[in-house]
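Engineer: Structure file query-v2.txt (compact mmCIF, C-alpha atoms and all ligand atoms) right here:
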```
# COMPACT_ATOMS: atom_id res chain seq x y z
CA MET A 28 36.68 178.84 90.26
CA GLU A 29 35.17 175.88 92.08
CA ARG A 30 35.72 176.76 95.69
CA ILE A 31 38.33 177.97 98.11
CA THR A 32 39.11 175.89 101.14
CA LYS A 33 41.36 176.74 104.03
CA SER A 34 43.75 173.85 104.26
CA PHE A 35 47.15 174.03 105.89
CA GLN A 36 48.88 170.85 106.94
CA SER A 37 50.79 170.63 110.16
CA GLY A 38 54.18 172.34 109.83
CA GLU A 39 53.37 174.34 106.72
CA ILE A 40 54.23 178.04 106.60
CA GLN A 41 50.93 179.89 106.80
CA GLY A 42 51.64 182.93 104.66
CA VAL A 43 55.04 183.52 103.10
CA ILE A 44 54.11 187.09 102.13
CA ALA A 45 52.58 189.82 104.30
CA ILE A 46 52.01 193.56 103.82
CA ASP A 47 53.67 196.16 106.03
CA ALA A 48 50.81 198.49 106.98
CA ARG A 49 53.24 201.36 107.61
CA ARG A 50 54.41 201.30 104.01
CA CYS A 51 51.19 200.46 102.19
CA LYS A 52 49.67 203.44 100.34
CA GLY A 53 46.51 201.60 99.30
CA CYS A 54 47.29 202.10 95.61
CA ASP A 55 45.80 198.74 94.52
CA THR A 56 48.73 197.89 92.19
CA CYS A 57 49.27 194.56 93.96
CA LYS A 58 45.71 193.43 93.26
CA ARG A 59 46.40 193.66 89.54
CA HIS A 60 49.17 191.06 89.92
CA CYS A 61 47.42 188.59 92.21
CA ALA A 62 45.93 185.47 90.60
CA THR A 63 43.76 184.54 93.56
CA LYS A 64 42.09 187.74 94.79
CA ALA A 65 43.94 187.18 98.06
CA ILE A 66 44.53 190.90 98.70
CA THR A 67 41.92 192.85 100.63
CA GLY A 68 41.52 196.56 101.28
CA MET A 69 39.73 199.46 99.58
CA PHE A 70 41.62 201.83 97.31
CA GLY A 71 43.42 204.33 99.56
CA ALA A 72 43.24 202.06 102.64
CA VAL A 73 45.93 199.75 103.99
CA HIS A 74 45.82 196.39 102.24
CA ALA A 75 46.26 192.90 103.71
CA ILE A 76 46.70 189.33 102.44
CA ASP A 77 44.24 186.52 103.12
CA THR A 78 46.63 183.59 103.67
CA ALA A 79 43.84 181.08 102.99
CA LYS A 80 43.75 182.28 99.38
CA CYS A 81 47.40 183.27 98.88
CA ILE A 82 49.59 180.97 96.76
CA ASN A 83 52.85 182.58 98.01
CA CYS A 84 54.02 183.65 94.55
CA GLY A 85 55.42 187.04 95.60
CA GLN A 86 54.09 188.85 92.52
CA CYS A 87 52.55 191.51 94.80
CA LEU A 88 55.95 191.94 96.44
CA VAL A 89 57.95 192.48 93.25
CA ASN A 90 55.30 194.75 91.73
CA CYS A 91 54.43 196.99 94.70
CA PRO A 92 55.76 200.47 93.93
CA PHE A 93 56.39 201.14 97.64
CA GLY A 94 58.00 197.95 98.90
CA ALA A 95 55.15 197.24 101.33
CA PRO A 96 54.84 193.44 100.91
CA TYR A 97 57.62 191.49 102.60
CA GLU A 98 58.65 187.88 103.14
CA THR A 99 57.69 186.50 106.55
CA VAL A 100 60.38 183.81 106.38
CA ASP A 101 64.04 184.83 106.30
CA ALA A 102 66.63 182.03 106.50
CA VAL A 103 69.73 184.18 105.93
CA GLU A 104 70.91 184.13 109.56
CA ALA A 105 70.19 180.40 109.94
CA VAL A 106 72.23 179.60 106.82
CA LEU A 107 75.07 181.89 107.94
CA SER A 108 75.21 180.02 111.22
CA LYS A 109 75.30 176.61 109.47
CA LEU A 110 78.10 177.85 107.20
CA LYS A 111 80.17 178.56 110.32
CA ASP A 112 79.58 175.06 111.72
CA SER A 113 82.43 172.75 110.69
CA ASP A 114 80.30 169.65 111.36
CA THR A 115 77.69 170.65 108.79
CA THR A 116 77.93 170.22 105.03
CA VAL A 117 75.89 173.08 103.58
CA VAL A 118 74.64 172.32 100.09
CA GLY A 119 73.46 175.20 97.88
CA ILE A 120 70.94 174.08 95.27
CA ILE A 121 71.03 176.70 92.52
CA ALA A 122 67.88 177.07 90.38
CA PRO A 123 68.19 177.87 86.67
CA ALA A 124 66.68 181.39 86.79
CA VAL A 125 68.88 182.66 89.66
CA ARG A 126 72.14 182.71 87.69
CA VAL A 127 70.87 185.21 85.12
CA ALA A 128 69.40 187.59 87.72
CA ILE A 129 71.68 187.74 90.75
CA GLY A 130 74.38 189.73 88.94
CA GLU A 131 72.04 192.74 89.05
CA GLU A 132 72.38 192.82 92.84
CA PHE A 133 76.14 193.30 92.41
CA GLY A 134 76.07 195.95 89.69
CA MET A 135 76.45 193.55 86.80
CA HIS A 136 74.50 194.11 83.60
CA PRO A 137 70.91 192.75 83.97
CA GLY A 138 70.71 189.32 82.38
CA SER A 139 74.42 188.52 82.81
CA LEU A 140 74.98 184.78 83.09
CA ALA A 141 76.83 184.29 86.39
CA THR A 142 76.83 180.51 86.85
CA LEU A 143 80.56 180.03 87.39
CA ARG A 144 80.89 183.24 89.42
CA MET A 145 78.08 181.94 91.64
CA TYR A 146 80.01 178.70 92.11
CA GLY A 147 83.09 180.79 93.03
CA ALA A 148 81.25 183.07 95.46
CA MET A 149 79.34 180.20 97.08
CA HIS A 150 82.45 178.06 97.41
CA LYS A 151 84.10 180.99 99.18
CA ALA A 152 81.08 181.24 101.50
CA GLY A 153 81.41 177.55 102.32
CA PHE A 154 78.68 175.92 100.22
CA LYS A 155 78.93 172.68 98.31
CA ILE A 156 77.26 173.12 94.94
CA PHE A 157 74.28 171.12 93.73
CA ASP A 158 73.16 172.65 90.44
CA ASN A 159 69.39 172.40 90.28
CA ASN A 160 69.62 172.09 86.48
CA TYR A 161 70.68 168.52 87.24
CA ALA A 162 67.51 167.98 89.31
CA ALA A 163 65.50 169.59 86.49
CA ASP A 164 66.83 166.80 84.28
CA LEU A 165 65.62 164.26 86.86
CA THR A 166 62.21 165.94 86.99
CA ILE A 167 61.76 165.86 83.26
CA MET A 168 62.68 162.18 83.07
CA GLU A 169 60.04 161.45 85.74
CA GLU A 170 57.37 163.70 84.24
CA GLY A 171 58.10 162.53 80.71
CA THR A 172 57.93 158.85 81.67
CA GLU A 173 54.70 159.42 83.58
CA PHE A 174 53.26 161.16 80.52
CA ILE A 175 54.17 158.19 78.29
CA HIS A 176 52.34 155.87 80.71
CA ARG A 177 49.26 158.11 80.77
CA VAL A 178 49.16 158.33 76.94
CA ARG A 179 49.69 154.59 76.50
CA ALA A 180 46.88 153.89 78.97
CA ALA A 181 44.48 156.37 77.33
CA VAL A 182 45.32 155.74 73.65
CA PHE A 183 46.42 152.08 73.54
CA GLY A 184 44.70 150.74 76.69
CA ASP A 185 48.13 149.71 77.96
CA GLU A 186 48.01 149.57 81.75
CA ALA A 187 50.05 147.42 84.12
CA PRO A 188 47.86 145.09 86.22
CA GLY A 189 46.74 146.78 89.43
CA HIS A 190 47.93 150.18 88.22
CA LYS A 191 45.76 153.15 87.29
CA SER A 192 47.44 155.91 85.34
CA GLY A 193 46.36 159.46 86.00
CA PRO A 194 44.05 161.28 83.59
CA LEU A 195 44.94 163.46 80.62
CA PRO A 196 45.79 166.22 80.24
CA GLN A 197 48.78 165.91 82.55
CA PHE A 198 49.85 169.14 84.23
CA THR A 199 53.42 169.96 85.15
CA SER A 200 53.96 170.14 88.91
CA CYS A 201 57.23 172.02 89.36
CA CYS A 202 55.65 175.42 90.22
CA PRO A 203 54.49 175.34 93.86
CA ALA A 204 52.25 178.39 93.40
CA TRP A 205 50.43 176.56 90.61
CA VAL A 206 50.12 173.39 92.70
CA ARG A 207 48.68 175.45 95.57
CA TYR A 208 46.32 177.21 93.15
CA ILE A 209 44.89 173.89 91.95
CA GLU A 210 44.59 172.54 95.50
CA LEU A 211 42.70 175.61 96.72
CA ASN A 212 40.58 176.39 93.70
CA TYR A 213 40.18 173.31 91.49
CA PRO A 214 40.57 170.27 93.77
CA ALA A 215 38.73 168.06 91.24
CA LEU A 216 41.71 168.54 88.89
CA ILE A 217 44.41 167.45 91.38
CA PRO A 218 44.75 163.99 89.70
CA HIS A 219 45.85 165.80 86.52
CA LEU A 220 49.00 167.10 88.26
CA SER A 221 52.12 165.08 87.55
CA SER A 222 53.11 163.03 90.58
CA ALA A 223 56.74 164.11 90.04
CA LYS A 224 58.24 166.35 92.70
CA SER A 225 59.71 169.70 91.71
CA PRO A 226 63.45 169.94 91.00
CA GLN A 227 64.04 171.61 94.39
CA GLN A 228 62.45 168.72 96.26
CA MET A 229 64.17 166.05 94.16
CA ALA A 230 67.48 167.80 94.76
CA GLY A 231 66.96 167.83 98.52
CA ALA A 232 66.17 164.12 98.64
CA VAL A 233 69.11 163.23 96.37
CA ALA A 234 71.52 165.43 98.36
CA LYS A 235 70.60 163.72 101.64
CA THR A 236 70.85 160.18 100.23
CA TYR A 237 73.15 159.72 97.22
CA GLY A 238 74.99 163.01 97.78
CA SER A 239 75.82 162.43 101.43
CA ALA A 240 76.90 158.81 100.86
CA LYS A 241 78.62 158.95 97.48
CA VAL A 242 79.68 162.53 96.85
CA TRP A 243 80.52 164.19 100.17
CA ASN A 244 80.99 161.07 102.30
CA VAL A 245 79.20 162.50 105.33
CA LYS A 246 76.19 161.46 107.40
CA SER A 247 72.93 162.63 105.85
CA ALA A 248 71.96 164.14 109.22
CA ASN A 249 74.93 166.48 108.80
CA VAL A 250 73.84 167.70 105.38
CA TYR A 251 71.99 171.04 105.40
CA THR A 252 70.24 171.71 102.10
CA VAL A 253 69.54 175.25 100.93
CA GLY A 254 67.35 175.91 97.89
CA ILE A 255 68.61 179.01 96.06
CA MET A 256 65.46 180.00 94.23
CA PRO A 257 63.91 182.84 92.17
CA CYS A 258 60.71 182.04 94.01
CA THR A 259 59.01 182.84 97.32
CA ALA A 260 56.55 179.94 96.91
CA LYS A 261 59.50 177.55 97.20
CA LYS A 262 59.67 178.50 100.90
CA PHE A 263 56.15 177.18 101.34
CA GLU A 264 56.90 174.10 99.24
CA ALA A 265 59.90 173.14 101.40
CA SER A 266 57.70 173.29 104.51
CA ARG A 267 55.18 170.77 103.19
CA PRO A 268 55.23 167.66 105.42
CA GLU A 269 55.14 165.23 102.49
CA PHE A 270 58.67 166.30 101.56
CA ARG A 271 60.52 164.18 104.11
CA SER A 272 61.60 161.49 101.61
CA ALA A 273 65.27 161.19 102.53
CA CYS A 274 64.32 160.69 106.17
CA ALA A 275 61.69 158.08 105.24
CA TYR A 276 64.24 156.32 103.02
CA GLN A 277 66.88 156.19 105.76
CA SER A 278 64.30 154.75 108.17
CA LYS A 279 62.91 152.16 105.77
CA GLU A 280 65.90 151.01 103.73
CA GLN A 281 68.68 151.37 106.25
CA GLY A 282 66.79 150.76 109.49
CA ALA A 283 68.09 154.07 110.83
CA SER A 284 66.03 155.65 113.55
CA SER A 285 64.63 158.82 112.12
CA GLY A 286 63.98 160.63 115.41
CA THR A 287 62.22 163.84 114.48
CA PRO A 288 61.48 163.61 110.74
CA TYR A 289 63.78 166.02 108.93
CA PRO A 290 62.93 167.87 105.73
CA ASP A 291 64.52 167.26 102.34
CA ILE A 292 65.13 171.02 102.07
CA ASP A 293 66.23 172.74 105.28
CA ALA A 294 66.10 176.35 104.09
CA VAL A 295 65.22 178.37 101.01
CA LEU A 296 66.97 181.58 100.00
CA THR A 297 65.55 183.70 97.21
CA THR A 298 67.90 185.35 94.72
CA ARG A 299 67.62 188.50 96.85
CA ASP A 300 68.34 186.55 100.05
CA LEU A 301 71.49 184.97 98.61
CA ALA A 302 72.75 188.38 97.49
CA ARG A 303 72.17 189.67 101.03
CA LEU A 304 73.97 186.68 102.56
CA LEU A 305 77.00 187.11 100.29
CA LYS A 306 77.15 190.84 101.06
CA LYS A 307 77.01 190.09 104.80
CA MET A 308 80.01 187.83 104.30
CA GLY A 309 81.84 190.53 102.34
CA ILE A 310 81.74 188.52 99.11
CA ASP A 311 81.30 190.49 95.89
CA LEU A 312 79.85 188.18 93.27
CA ALA A 313 80.97 190.47 90.45
CA LYS A 314 84.59 190.12 91.58
CA SER A 315 84.42 186.42 92.47
CA PRO A 316 86.55 184.05 90.44
CA GLU A 317 84.74 181.64 88.15
CA THR A 318 85.24 178.16 89.57
CA ALA A 319 84.48 174.65 88.38
CA ASP A 320 81.43 172.74 89.57
CA ASP A 321 81.50 170.01 92.24
CA GLY A 322 81.07 167.02 89.96
CA ILE A 323 78.13 164.81 89.17
CA LEU A 324 75.42 166.76 91.02
CA ALA A 325 76.21 169.86 89.01
CA ARG A 326 76.27 168.29 85.53
CA TYR A 327 73.22 168.80 83.37
CA SER A 328 71.76 168.84 79.89
CA GLY A 329 70.34 171.67 77.79
CA ALA A 330 66.87 170.41 78.76
CA GLY A 331 67.52 171.18 82.43
CA THR A 332 68.90 174.61 81.55
CA ILE A 333 65.72 175.88 79.86
CA PHE A 334 63.46 175.09 82.84
CA GLY A 335 63.41 178.67 84.08
CA ASN A 336 61.59 180.10 81.04
CA THR A 337 57.97 179.65 80.09
CA GLY A 338 57.81 176.73 77.64
CA GLY A 339 61.12 175.34 78.86
CA VAL A 340 59.63 172.44 80.78
CA MET A 341 57.39 171.49 77.86
CA GLU A 342 60.23 171.71 75.35
CA ALA A 343 62.38 169.52 77.58
CA ALA A 344 59.46 167.08 78.03
CA VAL A 345 58.73 166.77 74.31
CA ARG A 346 62.43 166.18 73.55
CA THR A 347 62.67 163.59 76.32
CA VAL A 348 59.46 161.75 75.45
CA HIS A 349 60.58 161.56 71.81
CA ALA A 350 64.01 160.20 72.77
CA VAL A 351 62.54 157.61 75.18
CA LEU A 352 59.91 156.37 72.69
CA THR A 353 62.05 156.28 69.55
CA GLY A 354 65.61 156.07 70.86
CA LYS A 355 66.43 159.12 68.70
CA GLU A 356 66.72 162.84 69.31
CA LEU A 357 63.86 165.07 68.15
CA GLU A 358 64.74 166.75 64.86
CA PRO A 359 65.13 169.66 64.90
CA LEU A 360 66.00 169.50 68.62
CA GLU A 361 64.61 172.97 69.33
CA PHE A 362 60.81 172.84 69.77
CA LYS A 363 60.05 176.43 68.89
CA PRO A 364 56.21 176.54 69.00
CA VAL A 365 56.32 176.62 72.83
CA ARG A 366 58.87 179.44 73.03
CA GLY A 367 58.03 183.13 73.40
CA LEU A 368 55.89 185.18 75.75
CA LYS A 369 52.36 184.61 74.43
CA GLY A 370 50.11 183.83 77.43
CA VAL A 371 48.90 180.47 76.09
CA LYS A 372 51.05 178.67 73.51
CA THR A 373 49.90 175.48 71.83
CA ALA A 374 51.49 172.89 69.56
CA SER A 375 50.94 169.38 68.27
CA VAL A 376 53.60 166.75 67.85
CA THR A 377 53.30 163.27 66.37
CA LEU A 378 55.33 160.67 68.20
CA MET A 379 56.03 157.12 67.05
CA ASP A 380 55.63 154.68 69.93
CA THR A 381 58.06 151.89 69.09
CA LYS A 382 56.47 149.59 71.71
CA PHE A 383 53.22 149.48 69.70
CA ASN A 384 54.66 150.55 66.35
CA LYS A 385 51.93 153.17 66.18
CA GLU A 386 51.87 156.92 66.01
CA ALA A 387 50.11 159.16 68.51
CA THR A 388 49.59 162.88 68.01
CA VAL A 389 49.77 164.80 71.27
CA ASN A 390 48.56 168.35 71.76
CA VAL A 391 50.45 170.43 74.27
CA ALA A 392 49.82 173.83 75.84
CA VAL A 393 52.03 176.20 77.79
CA VAL A 394 50.45 178.71 80.17
CA HIS A 395 52.23 181.40 82.18
CA GLY A 396 50.77 184.26 84.13
CA LEU A 397 47.96 182.46 85.99
CA ARG A 398 45.91 185.55 86.60
CA GLU A 399 45.17 186.30 82.96
CA ASN A 400 45.45 182.97 81.25
CA ILE A 401 44.56 179.85 83.22
CA THR A 402 40.79 179.99 83.82
CA PRO A 403 39.61 179.21 80.24
CA VAL A 404 42.08 176.30 80.02
CA LEU A 405 40.81 174.75 83.28
CA ASP A 406 37.17 175.36 82.50
CA GLU A 407 37.62 173.49 79.20
CA ILE A 408 38.97 170.49 81.11
CA LEU A 409 36.09 170.56 83.60
CA ALA A 410 33.65 170.68 80.70
CA GLY A 411 35.34 167.65 79.07
CA ARG A 412 36.29 169.70 75.99
CA SER A 413 40.05 170.10 76.43
CA PRO A 414 42.03 169.25 73.28
CA TYR A 415 45.30 168.98 75.24
CA HIS A 416 47.27 166.01 76.52
CA PHE A 417 50.04 167.83 78.38
CA ILE A 418 49.96 171.34 79.86
CA GLU A 419 52.86 173.27 81.38
CA VAL A 420 51.76 175.90 83.89
CA MET A 421 53.94 178.54 85.54
CA ASN A 422 52.40 181.14 87.82
CA CYS A 423 54.70 184.04 87.04
CA PRO A 424 54.58 186.02 83.79
CA GLY A 425 57.38 184.65 81.60
CA GLY A 426 58.09 181.85 84.10
CA CYS A 427 60.58 181.74 86.96
CA ILE A 428 62.77 184.36 85.36
CA ASN A 429 60.19 186.86 86.69
CA GLY A 430 59.67 185.05 89.98
CA GLY A 431 58.74 186.69 93.26
CA GLY A 432 62.24 186.14 94.68
CA GLN A 433 64.15 187.94 91.94
CA PRO A 434 65.89 191.33 92.28
CA ILE A 435 63.58 194.37 92.43
CA PRO A 436 64.47 197.77 91.02
CA GLY A 437 64.76 200.06 94.05
CA GLY A 438 65.55 197.12 96.33
CA GLY A 439 63.50 196.99 99.54
CA SER A 440 61.88 200.34 98.82
CA GLY A 441 59.97 199.12 95.76
CA TRP A 442 60.54 200.51 92.31
CA LEU A 443 58.66 203.75 92.98
CA GLY A 444 59.45 203.90 96.68
CA ALA A 445 63.08 204.50 95.75
CA MET A 446 61.86 207.76 94.24
CA THR A 447 59.47 208.82 97.04
CA PRO A 448 61.56 211.84 98.01
CA LEU A 449 60.71 213.14 94.55
CA LEU A 450 57.02 212.36 94.82
CA ALA A 451 54.23 213.81 96.91
CA TRP A 452 52.08 210.75 97.50
CA LYS A 453 49.12 211.09 99.91
S1 LIG B 1 50.82 197.81 95.75
FE1 LIG B 1 51.89 198.07 97.69
S2 LIG B 1 51.33 200.12 98.40
FE2 LIG B 1 49.88 199.56 96.79
S3 LIG B 1 48.14 198.66 97.92
FE3 LIG B 1 49.48 196.98 97.37
S4 LIG B 1 50.85 196.71 99.11
FE4 LIG B 1 49.87 198.68 99.34
S1 LIG B 2 51.87 186.30 97.14
FE1 LIG B 2 50.81 185.98 95.17
S2 LIG B 2 48.89 185.03 95.72
FE2 LIG B 2 49.71 185.89 97.61
S3 LIG B 2 48.78 187.89 97.80
FE3 LIG B 2 50.74 188.18 96.72
S4 LIG B 2 50.24 188.07 94.52
FE4 LIG B 2 48.47 187.23 95.66
S1 LIG B 3 56.72 180.42 88.04
FE1 LIG B 3 58.65 179.86 89.02
S2 LIG B 3 59.13 181.61 90.35
FE2 LIG B 3 56.95 181.78 89.80
S3 LIG B 3 55.87 180.76 91.47
FE3 LIG B 3 56.20 179.24 89.88
S4 LIG B 3 58.13 178.22 90.44
FE4 LIG B 3 58.00 180.12 91.61
```
Please express what this file holds, its structure, as structure tokens.
Ligand code: SF4
Ligand code: SF4
Ligand code: SF4
Structural biologist:
Amino acid sequence: MERITKSFQSGEIQGVIAIDARRCKGCDTCKRHCATKAITGMFGAVHAIDTAKCINCGQCLVNCPFGAPYETVDAVEAVLSKLKDSDTTVVGIIAPAVRVAIGEEFGMHPGSLATLRMYGAMHKAGFKIFDNNYAADLTIMEEGTEFIHRVRAAVFGDEAPGHKSGPLPQFTSCCPAWVRYIELNYPALIPHLSSAKSPQQMAGAVAKTYGSAKVWNVKSANVYTVGIMPCTAKKFEASRPEFRSACAYQSKEQGASSGTPYPDIDAVLTTRDLARLLKKMGIDLAKSPETADDGILARYSGAGTIFGNTGGVMEAAVRTVHAVLTGKELEPLEFKPVRGLKGVKTASVTLMDTKFNKEATVNVAVVHGLRENITPVLDEILAGRSPYHFIEVMNCPGGCINGGGQPIPGGGSGWLGAMTPLLAWK
């Protein structure tokens, strides 16, 4: 690692995860799941988190056997109160990986796909639905187009006057834990990150501009956006001050006085948080009717759907880049070399650029599970020896499907804590 700097911007949440000293047994399990050595404490002693190093991923939380780590930010009551306010349009932005996990919280078989039941339950709670798979499609169009520009600049010297494309390899930027990791540990590589916002942040901006004006016909100030995420790091991401785009747009394009700048995403609920909110409202997801979506902001492609798995973003990007360059779908459409759970997956694909009538072979890599797999890939780039042009990185093992906001066996007690009456620990 290059260096670690303490750098919080004004308004950012300083530490999404903390450890409850009363529950911590000092067993060290959490350290084995932390990519940044942010957890301090000797074996047998109470552990703590150094927020200057923490990337908010929640892997310590979902893997602690005793349920000691907890989220410091809980928006359940705030969202409940907005749902009761008839002047507020509450928009639930549902991430891809939530729909296959939340059923577990309601006794459904693990892995059950609950998309339409979620729509039903959330409609009953009072949400409008914005399916984040749609925003994932937006993200991949942005990231894919940016990648084409970077390749054309590097390979064909094609650069618009006054424009400087970012360097290769291009990193994906949709995982906020990964973005934080680069910022804290490899700042020299920040220009390699795609400039595209994550799906959550694109969704928030779209909901408060296009959505408010064209879909719900309400003032954007009355739209309250709630990210429904498998991820604790998304809570940090939403607090970043650069994500005030809808407010900036209203001020600049429409001359509206912004007053206090408002965020694109007002609140983030993890999968666990949403389950808790629905239970508080007496809504059983497993018994909820399946309902239709809310129209255009919940329509999406297969590319958006696969975002939640490791390799999904890259597969979507390769398909999209191919379609944009050639006007034809990739054949076969499934890009299988980047599927599966291997820590680092690599592939090469030759793309015909119809603008130059030339072929370019691009090498891609997919990395998940930062702790074990990312350092050699980054060190290669720093040494100028990286063979890759595009790299997808997801912090959590397997991608968002195993995110820090997903259901935990044993619930709040941790997977072993649920069995503590049977164990003599300490
Ligand atoms: S895994 Fe849990 S109990 Fe063990 S040291 Fe970490 S926080 Fe404490
Ligand atoms: S949230 Fe992630 S980065 Fe922070 S202490 Fe836990 S495992 Fe480490
Ligand atoms: S892999 Fe997904 S769940 Fe995990 S930190 Fe990144 S965005 Fe969040």
Engineer: Using all atoms listed in the file, what are the residues with an atom within 7 Å of ligand LIG 2 (chain B), set out as number ranges by chain?
Structural biologist: A: 44, 57, 60-66, 76, 80-88
Engineer: List the neighbours of His219 in chain A out to 10 Å using all atoms listed in the file; skip same-chain residues closer than 5 positions along the sequence, and give me the result as a ChimeraX atom specification.
Structural biologist: /A:193-200,209,408,417-418
Engineer: Please provide the set of residues having any atom within 10 Å of range 382-398 of chain A, restricted to all atoms listed in the file, with same-chain residues fewer than 4 positions apart removed, written as a PyMOL selection string.
Structural biologist: chain A and resi 59-64+178-179+182-183+185+196-199+204-205+208+336-342+345+352-353+364-366+368-378+402+404+413-427
Engineer: Can you tell me which residues surround Ala313 in chain A at a distance of at most 10 Å, considering only C-alpha atoms, apart from same-chain residues fewer than 2 positions away, and format the answer as a list of chain:residue names?
Structural biologist: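 Listing them by chain and then by number gives A:Ile129, A:Gly130, A:Glu131, A:Glu132, A:Phe133, A:Gly134, A:Met135, A:Ala141, A:Arg144, A:Met145, A:Ala148, A:Ile310, A:Asp311, A:Ser315, A:Pro316, A:Glu317.
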Engineer: Take the residues that were just selected and, keeping C-alpha atoms, output them as a PDB file, in the coordinates of the input.
Structural biologist:
```
ATOM      1  CA  ILE A 129      71.680 187.740  90.750  1.00  0.00           C
ATOM      2  CA  GLY A 130      74.380 189.730  88.940  1.00  0.00           C
ATOM      3  CA  GLU A 131      72.040 192.740  89.050  1.00  0.00           C
ATOM      4  CA  GLU A 132      72.380 192.820  92.840  1.00  0.00           C
ATOM      5  CA  PHE A 133      76.140 193.300  92.410  1.00  0.00           C
ATOM      6  CA  GLY A 134      76.070 195.950  89.690  1.00  0.00           C
ATOM      7  CA  MET A 135      76.450 193.550  86.800  1.00  0.00           C
ATOM      8  CA  ALA A 141      76.830 184.290  86.390  1.00  0.00           C
ATOM      9  CA  ARG A 144      80.890 183.240  89.420  1.00  0.00           C
ATOM     10  CA  MET A 145      78.080 181.940  91.640  1.00  0.00           C
ATOM     11  CA  ALA A 148      81.250 183.070  95.460  1.00  0.00           C
ATOM     12  CA  ILE A 310      81.740 188.520  99.110  1.00  0.00           C
ATOM     13  CA  ASP A 311      81.300 190.490  95.890  1.00  0.00           C
ATOM     14  CA  SER A 315      84.420 186.420  92.470  1.00  0.00           C
ATOM     15  CA  PRO A 316      86.550 184.050  90.440  1.00  0.00           C
ATOM     16  CA  GLU A 317      84.740 181.640  88.150  1.00  0.00           C
TER      17      GLU A 317
END
```
Engineer: Which residues sit within 7 Å of ligand LIG 1 (chain B), counting all atoms listed in the file, listed as JSON, numbers by chain?
Structural biologist: {"A": [46, 50, 51, 52, 53, 54, 55, 56, 57, 58, 73, 74, 87, 90, 91, 92, 93, 94, 95, 96]}
Engineer: Once you have the residues from the selection above, write them out as a PDB file, in the frame of the given file, restricted to C-alpha atoms.
Structural biologist:
```
ATOM      1  CA  ILE A  46      52.010 193.560 103.820  1.00  0.00           C
ATOM      2  CA  ARG A  50      54.410 201.300 104.010  1.00  0.00           C
ATOM      3  CA  CYS A  51      51.190 200.460 102.190  1.00  0.00           C
ATOM      4  CA  LYS A  52      49.670 203.440 100.340  1.00  0.00           C
ATOM      5  CA  GLY A  53      46.510 201.600  99.300  1.00  0.00           C
ATOM      6  CA  CYS A  54      47.290 202.100  95.610  1.00  0.00           C
ATOM      7  CA  ASP A  55      45.800 198.740  94.520  1.00  0.00           C
ATOM      8  CA  THR A  56      48.730 197.890  92.190  1.00  0.00           C
ATOM      9  CA  CYS A  57      49.270 194.560  93.960  1.00  0.00           C
ATOM     10  CA  LYS A  58      45.710 193.430  93.260  1.00  0.00           C
ATOM     11  CA  VAL A  73      45.930 199.750 103.990  1.00  0.00           C
ATOM     12  CA  HIS A  74      45.820 196.390 102.240  1.00  0.00           C
ATOM     13  CA  CYS A  87      52.550 191.510  94.800  1.00  0.00           C
ATOM     14  CA  ASN A  90      55.300 194.750  91.730  1.00  0.00           C
ATOM     15  CA  CYS A  91      54.430 196.990  94.700  1.00  0.00           C
ATOM     16  CA  PRO A  92      55.760 200.470  93.930  1.00  0.00           C
ATOM     17  CA  PHE A  93      56.390 201.140  97.640  1.00  0.00           C
ATOM     18  CA  GLY A  94      58.000 197.950  98.900  1.00  0.00           C
ATOM     19  CA  ALA A  95      55.150 197.240 101.330  1.00  0.00           C
ATOM     20  CA  PRO A  96      54.840 193.440 100.910  1.00  0.00           C
TER      21      PRO A  96
END
```
Engineer: Report, in Å with one decimal, the straight-line distance from CA of Phe35 in chain A to CA of Val253 in chain A.
Structural biologist: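 If I compute the distance from CA of Phe35 in chain A to CA of Val253 in chain A, I get 23.0 Å.
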Engineer: Rank A:Ala152, A:Ala260, A:Ala79, A:Leu296 by their smallest atom-to-atom distance to Thr116 in chain A, using only C-alpha atoms, and report the top residue only.
Structural biologist: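 Of A:Ala152, A:Ala260, A:Ala79, A:Leu296, the one nearest Thr116 in chain A, counting only C-alpha atoms, is A:Ala152.
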Engineer: Please determine, counting only C-alpha atoms and all ligand atoms, which residue among A:Ala72, A:Val43, A:Leu304, A:Ala124 has the shortest atom-to-atom distance to ligand LIG 3 (chain B).
Structural biologist: A:Ala124
Engineer: What is the distance, in Å and to one decimal place, between CA of Gln41 in chain A and CA of Ser225 in chain A?
Structural biologist: 20.2 Å
Engineer: Hey, what's within 9 Å of Val117 in chain A if we count all atoms listed in the file and toss same-chain stuff fewer than 3 positions away? As a list of chain:residue names, please?
Structural biologist: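 With the cut-off at 9 Å, the set is A:Val106, A:Lys109, A:Leu110, A:Gly153, A:Phe154, A:Lys155, A:Ile156, A:Asn249, A:Val250, A:Tyr251, A:Thr252, A:Val253.
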Engineer: Just checking: using all atoms listed in the file, which residue out of A:Thr347, A:Ser272, A:Gln228, A:Ser247 ends up closest to ligand LIG 3 (chain B)?
Structural biologist: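 The closest residue to ligand LIG 3 (chain B) is A:Gln228.
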Engineer: Between CA of Pro436 in chain A and atom FE2 of ligand LIG 3 (chain B), what is the spacing in Å?
Structural biologist: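 Taking atom FE2 of ligand LIG 3 (chain B) and CA of Pro436 in chain A, their separation equals 17.7 Å.
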Engineer: May I have the protein, DNA and RNA residues with an atom at most 10 Å from (61.0, 183.4, 107.9), counting all atoms listed in the file in the file's coordinates, returned as a ChimeraX atom specification?
Structural biologist: /A:40,42-44,98-103,105,262,294-295
Engineer: Considering all atoms listed in the file, state which residue in the set A:Pro434, A:Gly354, A:Pro268, A:Pro257 is at the smallest distance from ligand LIG 3 (chain B).
Structural biologist: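 Distance minimum relative to ligand LIG 3 (chain B) lands on A:Pro257.
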